[in-house]
Amino acid sequence: MKLEKIMNDLEKKHPGELEYLQAVREVLESLEDVVAQNPQFEAAGIIERIVEPDRVLSFKVPWVDDNGKVHVNLGYRIQFNNAIGPYKGGLRFHPSVNLSILKFLGFEQIFKNSLTTLPMGGGKGGSDFDPKGKSDAEIMRFCQAFMLELWKIIGPETDVPAGDIGVGGKEIGFMFGMYKKLTREHVGVLTGKGLNWGGSLVRPEATGFGAVYFAQEMLATKGTDFKGKTVAISGFGNVAWGAVTKVTELGGKVVTISGPDGYIFDPEGISGEKIQYMLELRASNQDIVKPYSYEFPGAQFVAGKRPWEVKCDVALPCATQNELGKDDAETLVGNGCFCVAEGANMPSTPDAVEVFKHNKVLFGPGKAVNAGGVATSGLEMTQNSMKINWGSEEVDARLHSIMKNIHAACVKHGKQADGYVDYVKGANVAGFLKVANAMLDQGIL
Ligand code: NDP
Ligand code: 2IT
């Protein structure tokens with residue numbers, strides 16, 4: 001009714017912003033009960049206000065390649081909502097980046113950050129720059145040119161960007177250097193920093209570790225764990241690497257990773273030196289996962305396909321949005337997969353999610369499952385403010401406890417009459433309530 005009208009109006013206002021509209025629709029569908037039970041939200045126009053970003057900065061990023069050729073990319077920062085803390089969220093460098101994708105990511109980030117229980121609002125940014133095949137010097141010049149615009153609207157108490165696809169420690173370093181040069185301030189304006197200059201231990205592993213901690217909680221509701229489970233993972237980047245590491249440590253066997261060129265099926269399991277090799281593969285900046293099959297001949301490369309056709313107990317999509325469709329979901333369920341936890345943001349399409357729910361699969365949505373990354377960014381901000389560094393055991397223990405609490409919040413708000421936990425609803429409602437109530441307290445802005 002009311003929410004449907006808001007959704008229809010949004011579709012008219014932002015035609016073609018498909019990912020953004022997809023993300024908003026999913027959240028609004030979860031909020032029917034909560035909005036009906038809390039008329040104060042409607043009176044204060046909370047929904048109409050939360051679905052639009054506070055502001056969007058869009059700018060051009062001119063830079064010069066190693067041959068002296070000039071390139072112009074597009075840069076963005078979406079400051080979505082700062083009701084519970086400074087804007088916070090990653091930067092994505094990938095040729096597919098556009099306003100719709102960044103708005104979907106920024107919108108999701110509001111609820112994800114709220115779920116962490118740390119004081120962080122929602123934001124996202126990035127560029128259509130393609131780091132693939134670029135030299136370090138080119139990446140440095142691009143990052144510097146990007147920061148030459150971005151620095152004007154960010155700050156440790158205002159907006160704190162971090163990494164995402166195509167942005168890791170190296171890029172954060174180049175951007176931090178430029179911010180410092182421009183402002184003459186060495187402050188915690190970015191997270192994912194190097195350990196010697198304000199970074200936090202465990203931040204590189206945090207998203208993947210957190211996703212597996214969350215999945216562990218999901219499995220525990222069925223009285224089981226990762227020991228002896230076969231696990232299919234997609235992606236071979238930062239999140240996939242952390243997830244492979246932790247699943248292996250917990251006794252599970254990871255049999256797939258994937259890239260845009262296809263997937264690797266390694267029936268013996270991706271462990272030990274193979275996990276180390278994932279880092280080399282990623283650092284090579286080549287956009288392909290195929291070389292894994294040359295390095296480890298027991299493994300098979302399947303060109304142009306996704307790993308969801310491989311028989312598994314648990315699936316962890318860790319690559320990118322809409323990488324797991326309805327047919328994939330049906331194949332997974334048909335093969336006996338009973339737990340899907342999203343390490344990536346919105347990797348499952350809405351009809352795939354329907355298949356999982358219909359079949360009572362344990363299904364954890366990205367904004368809950370992958371919140372460990374930004375949660376550990378929040379812990380990095382805390383350490384920066386206190387000017388101290390915690391040891392890795394302390395950070396990991398805090399991360400683990402945050403993930404357990406997010407799982408409990410999802411169960412609290414998502415448990416249905418028949419006992420099935422709708423984690424999508426649970427995450428959306430729990431994340432929304434805190435932000436909505438903060439917005440109510442702060443007036444119409
Ligand atoms: P990385 O850049 O480290 O890795 C991304 C992975 O996805 C790579 O394997 C990449 O291959 C692959 N990929 C990118 N685009 C496509 C595509 N169109 N089709 C198939 N594969 C693709 O990024 P992250 O591991 O950091 O991010 C992965 C996911 O996790 C994203 O959805 C991100 O938003 C999410 N996430 C990341 C967090 C973090 O802290 N880094 C926190 C929470 C969520 P290639 O680059 O070679 O194209
Ligand atoms: O999607 C995400 O949560 C991230 N890319 C991490 C954001 C952050 O600020 O650490």
# chains A, B, ... in the order shown; residues from 1 in each chain; ligands from 1
>>> residues_near_ligand(ligand="ligand 1", cutoff="8 Å", atoms="only C-alpha atoms and all ligand atoms", output="tab-separated table (two decimals) with N, CA, C and O atoms, in the first residue's frame")
chain	number	residue	atom	x	y	z
A	90	GLY	N	32.68	1.64	1.46
A	90	GLY	CA	33.83	1.45	0.59
A	90	GLY	C	33.83	2.26	-0.69
A	90	GLY	O	32.88	2.96	-1.02
A	92	ARG	N	34.61	1.50	-4.80
A	92	ARG	CA	34.75	0.42	-5.78
A	92	ARG	C	35.33	0.97	-7.08
A	92	ARG	O	34.81	1.94	-7.62
A	94	HIS	N	35.84	-0.35	-10.70
A	94	HIS	CA	35.53	-1.44	-11.64
A	94	HIS	C	34.83	-0.80	-12.84
A	94	HIS	O	34.05	0.13	-12.67
A	96	SER	N	32.37	-1.53	-14.47
A	96	SER	CA	30.89	-1.57	-14.45
A	96	SER	C	30.29	-0.50	-13.54
A	96	SER	O	29.06	-0.32	-13.51
A	105	LEU	N	24.66	0.08	-3.31
A	105	LEU	CA	25.65	-0.27	-2.27
A	105	LEU	C	25.55	0.68	-1.08
A	105	LEU	O	25.62	0.26	0.07
A	132	LYS	N	42.58	-3.37	-13.80
A	132	LYS	CA	43.14	-4.54	-14.48
A	132	LYS	C	44.23	-4.15	-15.48
A	132	LYS	O	44.03	-3.29	-16.34
A	162	ALA	N	36.58	3.34	2.45
A	162	ALA	CA	37.43	2.16	2.64
A	162	ALA	C	37.52	1.44	1.29
A	162	ALA	O	37.22	2.04	0.26
A	163	GLY	N	37.91	0.17	1.30
A	163	GLY	CA	38.02	-0.59	0.05
A	163	GLY	C	36.73	-1.29	-0.33
A	163	GLY	O	35.78	-1.36	0.43
A	164	ASP	N	36.71	-1.78	-1.53
A	164	ASP	CA	35.66	-2.67	-2.05
A	164	ASP	C	36.28	-3.33	-3.29
A	164	ASP	O	37.52	-3.38	-3.39
A	165	ILE	N	35.50	-3.78	-4.25
A	165	ILE	CA	36.07	-4.40	-5.44
A	165	ILE	C	37.09	-3.44	-6.08
A	165	ILE	O	36.80	-2.26	-6.28
A	166	GLY	N	38.28	-3.95	-6.36
A	166	GLY	CA	39.31	-3.15	-7.04
A	166	GLY	C	40.03	-2.15	-6.15
A	166	GLY	O	40.91	-1.45	-6.62
A	167	VAL	N	39.67	-2.07	-4.90
A	167	VAL	CA	40.36	-1.17	-3.97
A	167	VAL	C	40.80	-1.97	-2.75
A	167	VAL	O	39.97	-2.42	-1.96
A	168	GLY	N	42.10	-2.15	-2.63
A	168	GLY	CA	42.68	-2.86	-1.49
A	168	GLY	C	43.72	-1.98	-0.82
A	168	GLY	O	43.73	-0.75	-1.00
A	203	ARG	N	41.83	-6.50	9.58
A	203	ARG	CA	40.92	-5.87	8.60
A	203	ARG	C	40.95	-6.59	7.25
A	203	ARG	O	39.88	-6.81	6.67
A	204	PRO	N	42.14	-7.00	6.74
A	204	PRO	CA	42.10	-7.67	5.43
A	204	PRO	C	41.27	-8.97	5.44
A	204	PRO	O	40.58	-9.28	4.48
A	206	ALA	N	38.81	-9.61	7.55
A	206	ALA	CA	37.59	-9.47	8.35
A	206	ALA	C	36.29	-9.82	7.63
A	206	ALA	O	35.41	-10.45	8.22
A	207	THR	N	36.15	-9.44	6.36
A	207	THR	CA	34.87	-9.69	5.70
A	207	THR	C	34.65	-11.19	5.53
A	207	THR	O	33.58	-11.72	5.84
A	234	SER	N	32.46	-18.33	-4.63
A	234	SER	CA	32.73	-17.61	-5.88
A	234	SER	C	33.62	-16.42	-5.59
A	234	SER	O	33.73	-15.98	-4.44
A	235	GLY	N	34.26	-15.90	-6.64
A	235	GLY	CA	35.21	-14.80	-6.48
A	235	GLY	C	36.59	-15.35	-6.15
A	235	GLY	O	36.74	-16.53	-5.77
A	236	PHE	N	37.61	-14.52	-6.31
A	236	PHE	CA	38.94	-14.91	-5.81
A	236	PHE	C	39.65	-13.70	-5.25
A	236	PHE	O	40.86	-13.61	-5.20
A	237	GLY	N	38.83	-12.74	-4.79
A	237	GLY	CA	39.39	-11.50	-4.24
A	237	GLY	C	39.51	-11.54	-2.73
A	237	GLY	O	39.63	-12.61	-2.12
A	238	ASN	N	39.47	-10.35	-2.16
A	238	ASN	CA	39.69	-10.19	-0.73
A	238	ASN	C	38.71	-11.01	0.11
A	238	ASN	O	39.10	-11.72	1.03
A	239	VAL	N	37.44	-10.92	-0.22
A	239	VAL	CA	36.42	-11.58	0.59
A	239	VAL	C	36.51	-13.10	0.43
A	239	VAL	O	36.47	-13.86	1.41
A	240	ALA	N	36.65	-13.55	-0.82
A	240	ALA	CA	36.75	-14.99	-1.09
A	240	ALA	C	37.96	-15.58	-0.36
A	240	ALA	O	37.87	-16.64	0.27
A	241	TRP	N	39.07	-14.87	-0.40
A	241	TRP	CA	40.29	-15.33	0.26
A	241	TRP	C	40.08	-15.53	1.77
A	241	TRP	O	40.43	-16.57	2.35
A	258	SER	N	36.13	-18.49	-8.17
A	258	SER	CA	35.77	-18.12	-9.55
A	258	SER	C	36.23	-16.71	-9.89
A	258	SER	O	36.51	-15.90	-9.01
A	259	GLY	N	36.30	-16.46	-11.18
A	259	GLY	CA	36.59	-15.12	-11.69
A	259	GLY	C	35.66	-14.84	-12.85
A	259	GLY	O	34.86	-15.72	-13.21
A	260	PRO	N	35.76	-13.68	-13.47
A	260	PRO	CA	34.87	-13.37	-14.58
A	260	PRO	C	35.08	-14.34	-15.77
A	260	PRO	O	34.20	-14.47	-16.61
A	261	ASP	N	36.23	-15.04	-15.80
A	261	ASP	CA	36.50	-15.95	-16.92
A	261	ASP	C	35.94	-17.37	-16.72
A	261	ASP	O	35.91	-18.16	-17.65
A	282	ARG	N	45.52	-12.68	-7.21
A	282	ARG	CA	44.80	-11.42	-7.07
A	282	ARG	C	45.74	-10.24	-7.34
A	282	ARG	O	45.38	-9.28	-8.04
A	285	ASN	N	46.70	-8.68	-10.83
A	285	ASN	CA	45.89	-7.65	-11.51
A	285	ASN	C	45.37	-8.11	-12.87
A	285	ASN	O	45.14	-7.29	-13.75
A	286	GLN	N	45.23	-9.43	-13.08
A	286	GLN	CA	44.92	-9.91	-14.43
A	286	GLN	C	43.46	-10.30	-14.67
A	286	GLN	O	43.10	-10.68	-15.75
A	287	ASP	N	42.61	-10.27	-13.68
A	287	ASP	CA	41.18	-10.50	-13.91
A	287	ASP	C	40.83	-11.94	-14.29
A	287	ASP	O	39.74	-12.20	-14.79
A	288	ILE	N	41.77	-12.90	-14.16
A	288	ILE	CA	41.42	-14.27	-14.53
A	288	ILE	C	41.85	-15.25	-13.44
A	288	ILE	O	42.85	-15.05	-12.76
A	289	VAL	N	41.07	-16.32	-13.32
A	289	VAL	CA	41.33	-17.30	-12.27
A	289	VAL	C	41.96	-18.56	-12.87
A	289	VAL	O	42.47	-19.43	-12.17
A	318	CYS	N	30.90	-14.75	-3.15
A	318	CYS	CA	31.80	-13.69	-2.65
A	318	CYS	C	32.36	-12.83	-3.78
A	318	CYS	O	33.42	-12.23	-3.63
A	319	ALA	N	31.70	-12.78	-4.96
A	319	ALA	CA	32.26	-12.01	-6.08
A	319	ALA	C	31.54	-10.68	-6.26
A	319	ALA	O	32.09	-9.62	-5.95
A	320	THR	N	30.29	-10.70	-6.75
A	320	THR	CA	29.67	-9.42	-7.11
A	320	THR	C	28.14	-9.55	-7.15
A	320	THR	O	27.60	-10.63	-6.92
A	321	GLN	N	27.45	-8.44	-7.44
A	321	GLN	CA	25.98	-8.46	-7.40
A	321	GLN	C	25.38	-9.30	-8.52
A	321	GLN	O	25.93	-9.38	-9.61
A	323	GLU	N	25.12	-12.42	-9.20
A	323	GLU	CA	25.94	-13.49	-9.79
A	323	GLU	C	25.32	-14.86	-9.54
A	323	GLU	O	25.91	-15.88	-9.92
A	343	GLY	N	28.76	-13.43	1.01
A	343	GLY	CA	29.93	-12.61	1.33
A	343	GLY	C	29.95	-11.34	0.50
A	343	GLY	O	30.42	-10.30	0.94
A	344	ALA	N	29.42	-11.42	-0.72
A	344	ALA	CA	29.34	-10.24	-1.59
A	344	ALA	C	28.08	-9.44	-1.26
A	344	ALA	O	27.25	-9.87	-0.45
A	345	ASN	N	27.93	-8.28	-1.88
A	345	ASN	CA	26.73	-7.47	-1.71
A	345	ASN	C	25.72	-7.84	-2.79
A	345	ASN	O	26.01	-7.72	-3.98
A	346	MET	N	24.55	-8.31	-2.35
A	346	MET	CA	23.41	-8.64	-3.24
A	346	MET	C	23.79	-9.60	-4.38
A	346	MET	O	23.36	-9.41	-5.51
A	347	PRO	N	24.56	-10.67	-4.11
A	347	PRO	CA	24.92	-11.59	-5.19
A	347	PRO	C	23.74	-12.41	-5.71
A	347	PRO	O	23.76	-12.83	-6.86
A	366	GLY	N	23.70	-10.49	2.27
A	366	GLY	CA	24.98	-9.79	2.37
A	366	GLY	C	25.06	-8.76	3.47
A	366	GLY	O	26.07	-8.69	4.18
A	367	LYS	N	24.01	-7.97	3.64
A	367	LYS	CA	24.15	-6.86	4.59
A	367	LYS	C	24.35	-7.35	6.03
A	367	LYS	O	24.88	-6.63	6.86
A	370	ASN	N	28.17	-10.08	5.44
A	370	ASN	CA	29.48	-9.48	5.15
A	370	ASN	C	29.76	-8.22	5.99
A	370	ASN	O	30.72	-7.49	5.71
A	371	ALA	N	28.96	-8.01	7.04
A	371	ALA	CA	29.12	-6.81	7.85
A	371	ALA	C	30.42	-6.81	8.67
A	371	ALA	O	30.80	-5.79	9.25
A	372	GLY	N	31.11	-7.94	8.71
A	372	GLY	CA	32.35	-8.01	9.49
A	372	GLY	C	33.44	-7.11	8.93
A	372	GLY	O	34.32	-6.65	9.68
A	373	GLY	N	33.40	-6.85	7.63
A	373	GLY	CA	34.39	-5.96	7.03
A	373	GLY	C	34.26	-4.55	7.56
A	373	GLY	O	35.20	-3.97	8.13
A	374	VAL	N	33.06	-4.01	7.43
A	374	VAL	CA	32.87	-2.63	7.90
A	374	VAL	C	32.92	-2.57	9.42
A	374	VAL	O	33.35	-1.56	10.00
>>> select_by_dssp(residues="stretch 46-88 of chain A", states="alpha helix (DSSP H)", output="list of chain:residue names")
A:Ile46, A:Ile47, A:Glu48, A:Arg49, A:Ile50
>>> write_last_selection(atoms="C-alpha atoms", output="JSON list (two decimals), in the first residue's frame")
[["chain", "number", "residue", "atom", "x", "y", "z"],
["A", 46, "ILE", "CA", 11.07, 8.22, 7.41],
["A", 47, "ILE", "CA", 10.77, 5.87, 4.42],
["A", 48, "GLU", "CA", 10.66, 8.65, 1.82],
["A", 49, "ARG", "CA", 13.74, 10.18, 3.43],
["A", 50, "ILE", "CA", 15.78, 7.02, 3.97]]
>>> residues_around(residues="A:Glu330", least_positions_apart="5", cutoff="9 Å", atoms="only C-alpha atoms", output="PDB file with all heavy atoms, in the first residue's frame")
ATOM      1  N   GLY A 325      21.595 -16.650  -9.992  1.00  0.00           N
ATOM      2  CA  GLY A 325      20.212 -16.483 -10.432  1.00  0.00           C
ATOM      3  C   GLY A 325      19.318 -17.642 -10.023  1.00  0.00           C
ATOM      4  O   GLY A 325      19.743 -18.564  -9.318  1.00  0.00           O
ATOM      5  N   ASN A 335      21.015 -30.115  -5.533  1.00  0.00           N
ATOM      6  CA  ASN A 335      22.234 -30.851  -5.175  1.00  0.00           C
ATOM      7  C   ASN A 335      22.432 -30.983  -3.666  1.00  0.00           C
ATOM      8  O   ASN A 335      23.479 -31.408  -3.205  1.00  0.00           O
ATOM      9  CB  ASN A 335      23.466 -30.151  -5.763  1.00  0.00           C
ATOM     10  CG  ASN A 335      23.655 -30.476  -7.239  1.00  0.00           C
ATOM     11  OD1 ASN A 335      23.180 -31.499  -7.710  1.00  0.00           O
ATOM     12  ND2 ASN A 335      24.344 -29.600  -7.951  1.00  0.00           N
ATOM     13  N   ALA A 352      16.143 -15.842  -7.075  1.00  0.00           N
ATOM     14  CA  ALA A 352      16.982 -16.875  -6.449  1.00  0.00           C
ATOM     15  C   ALA A 352      16.692 -16.919  -4.943  1.00  0.00           C
ATOM     16  O   ALA A 352      16.566 -18.007  -4.356  1.00  0.00           O
ATOM     17  CB  ALA A 352      18.460 -16.587  -6.699  1.00  0.00           C
ATOM     18  N   VAL A 355      13.638 -18.855  -4.253  1.00  0.00           N
ATOM     19  CA  VAL A 355      13.866 -20.309  -4.311  1.00  0.00           C
ATOM     20  C   VAL A 355      14.431 -20.800  -2.974  1.00  0.00           C
ATOM     21  O   VAL A 355      13.977 -21.807  -2.416  1.00  0.00           O
ATOM     22  CB  VAL A 355      14.833 -20.672  -5.468  1.00  0.00           C
ATOM     23  CG1 VAL A 355      15.232 -22.148  -5.412  1.00  0.00           C
ATOM     24  CG2 VAL A 355      14.213 -20.336  -6.816  1.00  0.00           C
ATOM     25  N   PHE A 356      15.410 -20.062  -2.438  1.00  0.00           N
ATOM     26  CA  PHE A 356      16.015 -20.486  -1.159  1.00  0.00           C
ATOM     27  C   PHE A 356      14.969 -20.476  -0.046  1.00  0.00           C
ATOM     28  O   PHE A 356      14.863 -21.423   0.736  1.00  0.00           O
ATOM     29  CB  PHE A 356      17.191 -19.573  -0.791  1.00  0.00           C
ATOM     30  CG  PHE A 356      18.367 -19.705  -1.727  1.00  0.00           C
ATOM     31  CD1 PHE A 356      19.066 -18.576  -2.161  1.00  0.00           C
ATOM     32  CD2 PHE A 356      18.784 -20.950  -2.183  1.00  0.00           C
ATOM     33  CE1 PHE A 356      20.157 -18.692  -3.021  1.00  0.00           C
ATOM     34  CE2 PHE A 356      19.872 -21.077  -3.046  1.00  0.00           C
ATOM     35  CZ  PHE A 356      20.551 -19.945  -3.462  1.00  0.00           C
TER      36      PHE A 356
END
>>> closest_residue(among="A:Pro297, A:Val429, A:Gly262, A:Leu279", to="A:Gly242", atoms="only C-alpha atoms")
A:Leu279
>>> residues_around(residues="A:Ser293", least_positions_apart="5", cutoff="10 Å", atoms="only C-alpha atoms", output="MDAnalysis selection string")
chainID A and resid 263:266 298:302
